[in-house]
Amino acid sequence: MLMEIISILVGVILLGAVDGGGGMFYTNWLYLLDPVSLIIILALTVPVLLRGGMWKDFSRAWKMLQRKYTCHLSEIRRSLDAVEMMQKQVACAGIISMLLSFIHILGNLSDLAQLGPNIAVAILTLLYAVILEMLLLPLQIEAKRRIIDYMEVDTDAEPMGTAVTGEGQI
């Protein structure tokens with residue numbers, strides 16, 4: 001799963017570096033960098049993890065990417081809940097931040113020279129949210145895979161013939 005995260009990051013970097021029109025590399029990477037947008041998304045998501053007491057569960061999800069890391073089923077489920085909550089928070093934070101940027105843009109339409117850069121910042125915020133969501137998907141998949149593996153081990157341990165058939169119940 002760690003390789004999936006690395007491949008997502010490399011793919012995003014390569015797609016961001018290539019100009020779609022001529023296949024040439026961008027000469028100015030500054031168009032793709034807006035740390036304030038990333039800070040806004042994190043400011044809208046991280047406090048929810050901290051306030052809800054889910055930071056430990058979320059950090060456990062990152063540890064689960066290591067094959068050797070083991071934990072109980074209840075911890076895996078709590079980590080899955082934390083990751084899924086974070087995915088929703090990141091999506092909502094990106095949309096809220098983009099909408100607030102567009103409201104600001106519409107309020108300042110008299111300055112047409114700033115229209116393009118302001119729209120770019122609004123779109124970059126949504127782009128960052130989508131990239132963060134893509135990075136969270138392998139965590140969600142790994143947690144679900146571990147739950148399935150845990151349940152398969154649990155059902156394999158049941159001896160044959162001990163299933164409840166419902167006979168004798170009222």
# chains A, B, ... in the order shown; residues from 1 in each chain; ligands from 1
>>> residues_around(residues="Ile5 of chain A", least_positions_apart="2", cutoff="12 Å", atoms="only C-alpha atoms", output="PDB file with N, CA and C atoms, in the first residue's frame")
ATOM      1  N   MET A   1       0.810  -1.197   0.000  1.00  0.00           N
ATOM      2  CA  MET A   1       0.000   0.000   0.000  1.00  0.00           C
ATOM      3  C   MET A   1       0.854   1.262   0.000  1.00  0.00           C
ATOM      4  N   LEU A   2       2.031   1.179   0.561  1.00  0.00           N
ATOM      5  CA  LEU A   2       2.918   2.328   0.551  1.00  0.00           C
ATOM      6  C   LEU A   2       3.321   2.681  -0.876  1.00  0.00           C
ATOM      7  N   MET A   3       3.474   1.666  -1.699  1.00  0.00           N
ATOM      8  CA  MET A   3       3.820   1.907  -3.103  1.00  0.00           C
ATOM      9  C   MET A   3       2.687   2.621  -3.835  1.00  0.00           C
ATOM     10  N   SER A   7       3.164   6.031  -5.786  1.00  0.00           N
ATOM     11  CA  SER A   7       2.791   6.148  -7.197  1.00  0.00           C
ATOM     12  C   SER A   7       1.782   7.264  -7.419  1.00  0.00           C
ATOM     13  N   ILE A   8       0.896   7.500  -6.465  1.00  0.00           N
ATOM     14  CA  ILE A   8      -0.044   8.610  -6.582  1.00  0.00           C
ATOM     15  C   ILE A   8       0.714   9.935  -6.578  1.00  0.00           C
ATOM     16  N   LEU A   9       1.655  10.068  -5.654  1.00  0.00           N
ATOM     17  CA  LEU A   9       2.434  11.314  -5.586  1.00  0.00           C
ATOM     18  C   LEU A   9       3.258  11.536  -6.850  1.00  0.00           C
ATOM     19  N   VAL A  10       3.913  10.492  -7.336  1.00  0.00           N
ATOM     20  CA  VAL A  10       4.708  10.624  -8.561  1.00  0.00           C
ATOM     21  C   VAL A  10       3.801  10.951  -9.747  1.00  0.00           C
ATOM     22  N   GLY A  11       2.668  10.308  -9.837  1.00  0.00           N
ATOM     23  CA  GLY A  11       1.729  10.580 -10.921  1.00  0.00           C
ATOM     24  C   GLY A  11       1.228  12.008 -10.906  1.00  0.00           C
ATOM     25  N   VAL A  12       0.911  12.518  -9.737  1.00  0.00           N
ATOM     26  CA  VAL A  12       0.444  13.897  -9.625  1.00  0.00           C
ATOM     27  C   VAL A  12       1.550  14.867 -10.023  1.00  0.00           C
ATOM     28  N   TRP A  62      -2.078   4.819   9.253  1.00  0.00           N
ATOM     29  CA  TRP A  62      -0.811   4.954   8.527  1.00  0.00           C
ATOM     30  C   TRP A  62       0.139   3.825   8.900  1.00  0.00           C
ATOM     31  N   LEU A  65      -0.077   0.406   7.075  1.00  0.00           N
ATOM     32  CA  LEU A  65       0.527   0.203   5.764  1.00  0.00           C
ATOM     33  C   LEU A  65       1.744  -0.715   5.848  1.00  0.00           C
ATOM     34  N   ILE A 131      -6.130  15.586  -4.251  1.00  0.00           N
ATOM     35  CA  ILE A 131      -4.867  14.854  -4.053  1.00  0.00           C
ATOM     36  C   ILE A 131      -4.836  14.235  -2.658  1.00  0.00           C
ATOM     37  N   LEU A 132      -5.255  14.991  -1.641  1.00  0.00           N
ATOM     38  CA  LEU A 132      -5.303  14.441  -0.287  1.00  0.00           C
ATOM     39  C   LEU A 132      -6.268  13.268  -0.204  1.00  0.00           C
ATOM     40  N   GLU A 133      -7.390  13.380  -0.888  1.00  0.00           N
ATOM     41  CA  GLU A 133      -8.360  12.280  -0.916  1.00  0.00           C
ATOM     42  C   GLU A 133      -7.741  11.043  -1.562  1.00  0.00           C
ATOM     43  N   MET A 134      -6.989  11.244  -2.632  1.00  0.00           N
ATOM     44  CA  MET A 134      -6.326  10.113  -3.293  1.00  0.00           C
ATOM     45  C   MET A 134      -5.302   9.463  -2.372  1.00  0.00           C
ATOM     46  N   LEU A 135      -4.651  10.247  -1.525  1.00  0.00           N
ATOM     47  CA  LEU A 135      -3.677   9.691  -0.590  1.00  0.00           C
ATOM     48  C   LEU A 135      -4.359   8.929   0.549  1.00  0.00           C
ATOM     49  N   LEU A 136      -5.593   9.279   0.856  1.00  0.00           N
ATOM     50  CA  LEU A 136      -6.322   8.595   1.920  1.00  0.00           C
ATOM     51  C   LEU A 136      -6.967   7.294   1.440  1.00  0.00           C
ATOM     52  N   LEU A 137      -7.187   7.150   0.151  1.00  0.00           N
ATOM     53  CA  LEU A 137      -7.824   5.932  -0.367  1.00  0.00           C
ATOM     54  C   LEU A 137      -7.044   4.657  -0.047  1.00  0.00           C
ATOM     55  N   PRO A 138      -5.713   4.615  -0.210  1.00  0.00           N
ATOM     56  CA  PRO A 138      -4.999   3.380   0.170  1.00  0.00           C
ATOM     57  C   PRO A 138      -5.133   3.046   1.654  1.00  0.00           C
ATOM     58  N   LEU A 139      -5.255   4.056   2.510  1.00  0.00           N
ATOM     59  CA  LEU A 139      -5.470   3.785   3.942  1.00  0.00           C
ATOM     60  C   LEU A 139      -6.808   3.100   4.158  1.00  0.00           C
ATOM     61  N   GLN A 140      -7.825   3.593   3.484  1.00  0.00           N
ATOM     62  CA  GLN A 140      -9.156   3.000   3.609  1.00  0.00           C
ATOM     63  C   GLN A 140      -9.156   1.564   3.087  1.00  0.00           C
ATOM     64  N   ILE A 141      -8.523   1.351   1.956  1.00  0.00           N
ATOM     65  CA  ILE A 141      -8.483   0.010   1.369  1.00  0.00           C
ATOM     66  C   ILE A 141      -7.719  -0.954   2.272  1.00  0.00           C
ATOM     67  N   GLU A 142      -6.611  -0.494   2.838  1.00  0.00           N
ATOM     68  CA  GLU A 142      -5.825  -1.365   3.722  1.00  0.00           C
ATOM     69  C   GLU A 142      -6.628  -1.733   4.971  1.00  0.00           C
TER      70      GLU A 142
END
>>> closest_residue(among="A:Ile147, A:Ala91, A:Ile105, A:Ile76", to="Ala129 of chain A", atoms="only C-alpha atoms")
A:Ala91
>>> residues_around(residues="Thr70 of chain A", least_positions_apart="2", cutoff="12 Å", atoms="only C-alpha atoms", output="PyMOL selection string")
chain A and resi 60-61+63-68+72-76+143+146-147+149-150
>>> atom_distance(atom1="atom CA of Gly52 of chain A", atom2="atom CA of Val90 of chain A")
15.5 Å
>>> residues_around(residues="Leu100 of chain A", least_positions_apart="5", cutoff="12 Å", atoms="only C-alpha atoms", output="NGL selection string")
:A and (37 or 40 or 93-95 or 105-107 or 118-119 or 121-123 or 125-126)
>>> atom_distance(atom1="atom CA of Leu44 of chain A", atom2="atom CA of Met98 of chain A")
12.7 Å
>>> atom_distance(atom1="atom CA of Val130 of chain A", atom2="atom CA of Gly53 of chain A")
24.6 Å
>>> residues_around(residues="Ala82 of chain A", least_positions_apart="2", cutoff="9 Å", atoms="only C-alpha atoms", output="list in words")
Leu49, Met54, Trp55, Asp57, Phe58, Ala61, Arg77, Arg78, Ser79, Leu80, Glu84, Met85, Met86 and Gln87 of chain A
>>> write_last_selection(atoms="all heavy atoms", output="short mmCIF file (atom, residue, chain, number, x, y, z; two decimals), in the first residue's frame")
data_model
loop_
_atom_site.label_atom_id
_atom_site.label_comp_id
_atom_site.auth_asym_id
_atom_site.auth_seq_id
_atom_site.Cartn_x
_atom_site.Cartn_y
_atom_site.Cartn_z
N LEU A 49 -10.15 15.94 13.93
CA LEU A 49 -9.51 14.70 14.41
C LEU A 49 -9.06 14.85 15.86
O LEU A 49 -9.24 13.95 16.67
CB LEU A 49 -8.31 14.34 13.54
CG LEU A 49 -8.56 13.67 12.22
CD1 LEU A 49 -7.25 13.47 11.48
CD2 LEU A 49 -9.27 12.36 12.39
N MET A 54 -9.76 11.26 17.64
CA MET A 54 -9.53 10.24 16.61
C MET A 54 -8.13 10.30 16.02
O MET A 54 -7.82 9.56 15.10
CB MET A 54 -10.57 10.39 15.50
CG MET A 54 -12.00 10.20 15.98
SD MET A 54 -13.20 10.35 14.66
CE MET A 54 -13.05 8.74 13.92
N TRP A 55 -7.28 11.18 16.54
CA TRP A 55 -5.94 11.31 15.99
C TRP A 55 -5.16 10.01 16.09
O TRP A 55 -4.46 9.61 15.17
CB TRP A 55 -5.19 12.45 16.66
CG TRP A 55 -3.84 12.65 16.06
CD1 TRP A 55 -2.64 12.23 16.55
CD2 TRP A 55 -3.56 13.28 14.80
NE1 TRP A 55 -1.63 12.57 15.68
CE2 TRP A 55 -2.17 13.21 14.60
CE3 TRP A 55 -4.35 13.88 13.84
CZ2 TRP A 55 -1.55 13.73 13.48
CZ3 TRP A 55 -3.73 14.41 12.72
CH2 TRP A 55 -2.35 14.33 12.55
N ASP A 57 -6.37 6.98 16.23
CA ASP A 57 -6.92 6.02 15.27
C ASP A 57 -6.45 6.33 13.85
O ASP A 57 -6.15 5.42 13.07
CB ASP A 57 -8.45 6.03 15.34
CG ASP A 57 -8.97 5.63 16.70
OD1 ASP A 57 -8.33 4.77 17.34
OD2 ASP A 57 -10.00 6.19 17.13
N PHE A 58 -6.39 7.62 13.51
CA PHE A 58 -5.95 8.02 12.18
C PHE A 58 -4.47 7.70 11.98
O PHE A 58 -4.07 7.19 10.92
CB PHE A 58 -6.20 9.51 11.96
CG PHE A 58 -5.84 10.00 10.59
CD1 PHE A 58 -6.57 9.61 9.49
CD2 PHE A 58 -4.76 10.84 10.41
CE1 PHE A 58 -6.23 10.05 8.22
CE2 PHE A 58 -4.42 11.30 9.15
CZ PHE A 58 -5.16 10.90 8.05
N ALA A 61 -3.90 4.10 11.23
CA ALA A 61 -4.17 3.72 9.84
C ALA A 61 -2.91 3.83 8.99
O ALA A 61 -2.67 3.01 8.10
CB ALA A 61 -5.28 4.59 9.27
N ARG A 77 -11.26 -1.18 13.00
CA ARG A 77 -12.54 -0.52 12.68
C ARG A 77 -12.52 0.94 13.08
O ARG A 77 -13.05 1.80 12.34
CB ARG A 77 -13.68 -1.26 13.36
CG ARG A 77 -13.97 -2.58 12.70
CD ARG A 77 -15.19 -3.23 13.25
NE ARG A 77 -15.47 -4.46 12.52
CZ ARG A 77 -16.32 -5.37 12.91
NH1 ARG A 77 -17.00 -5.20 14.03
NH2 ARG A 77 -16.51 -6.45 12.20
N ARG A 78 -11.93 1.26 14.23
CA ARG A 78 -11.83 2.67 14.63
C ARG A 78 -10.94 3.44 13.65
O ARG A 78 -11.24 4.59 13.30
CB ARG A 78 -11.30 2.79 16.05
CG ARG A 78 -12.35 2.49 17.11
CD ARG A 78 -11.94 2.98 18.48
NE ARG A 78 -10.65 2.50 18.93
CZ ARG A 78 -10.45 1.40 19.64
NH1 ARG A 78 -11.48 0.65 19.98
NH2 ARG A 78 -9.24 1.03 20.00
N SER A 79 -9.87 2.81 13.18
CA SER A 79 -9.00 3.46 12.20
C SER A 79 -9.74 3.68 10.88
O SER A 79 -9.60 4.74 10.26
CB SER A 79 -7.75 2.63 11.96
OG SER A 79 -6.96 2.59 13.12
N LEU A 80 -10.51 2.71 10.46
CA LEU A 80 -11.30 2.86 9.24
C LEU A 80 -12.30 4.01 9.39
O LEU A 80 -12.45 4.82 8.47
CB LEU A 80 -12.03 1.55 8.91
CG LEU A 80 -12.93 1.58 7.68
CD1 LEU A 80 -12.14 1.90 6.42
CD2 LEU A 80 -13.66 0.25 7.53
N GLU A 84 -12.28 7.32 6.99
CA GLU A 84 -13.47 7.70 6.23
C GLU A 84 -13.99 9.07 6.64
O GLU A 84 -14.43 9.86 5.80
CB GLU A 84 -14.56 6.64 6.39
CG GLU A 84 -14.21 5.35 5.64
CD GLU A 84 -15.23 4.25 5.85
OE1 GLU A 84 -16.04 4.32 6.80
OE2 GLU A 84 -15.19 3.27 5.06
N MET A 85 -13.90 9.38 7.94
CA MET A 85 -14.30 10.72 8.39
C MET A 85 -13.36 11.77 7.82
O MET A 85 -13.79 12.82 7.36
CB MET A 85 -14.30 10.77 9.92
CG MET A 85 -14.97 11.99 10.50
SD MET A 85 -13.94 13.36 11.00
CE MET A 85 -12.54 12.66 11.74
N MET A 86 -12.07 11.47 7.79
CA MET A 86 -11.09 12.41 7.25
C MET A 86 -11.31 12.62 5.75
O MET A 86 -11.17 13.74 5.25
CB MET A 86 -9.68 11.89 7.53
CG MET A 86 -8.60 12.86 7.20
SD MET A 86 -8.66 14.29 8.28
CE MET A 86 -7.11 15.04 7.89
N GLN A 87 -11.67 11.57 5.04
CA GLN A 87 -11.95 11.70 3.61
C GLN A 87 -13.11 12.67 3.38
O GLN A 87 -13.04 13.54 2.50
CB GLN A 87 -12.29 10.35 3.00
CG GLN A 87 -11.11 9.43 2.85
CD GLN A 87 -11.52 8.05 2.36
OE1 GLN A 87 -12.43 7.44 2.89
NE2 GLN A 87 -10.82 7.57 1.34
#
>>> select_by_dssp(residues="segment 51-142 of chain A", states="helix (DSSP H, G or I)", output="PyMOL selection string")
chain A and resi 51+55-63+73-107+112-142
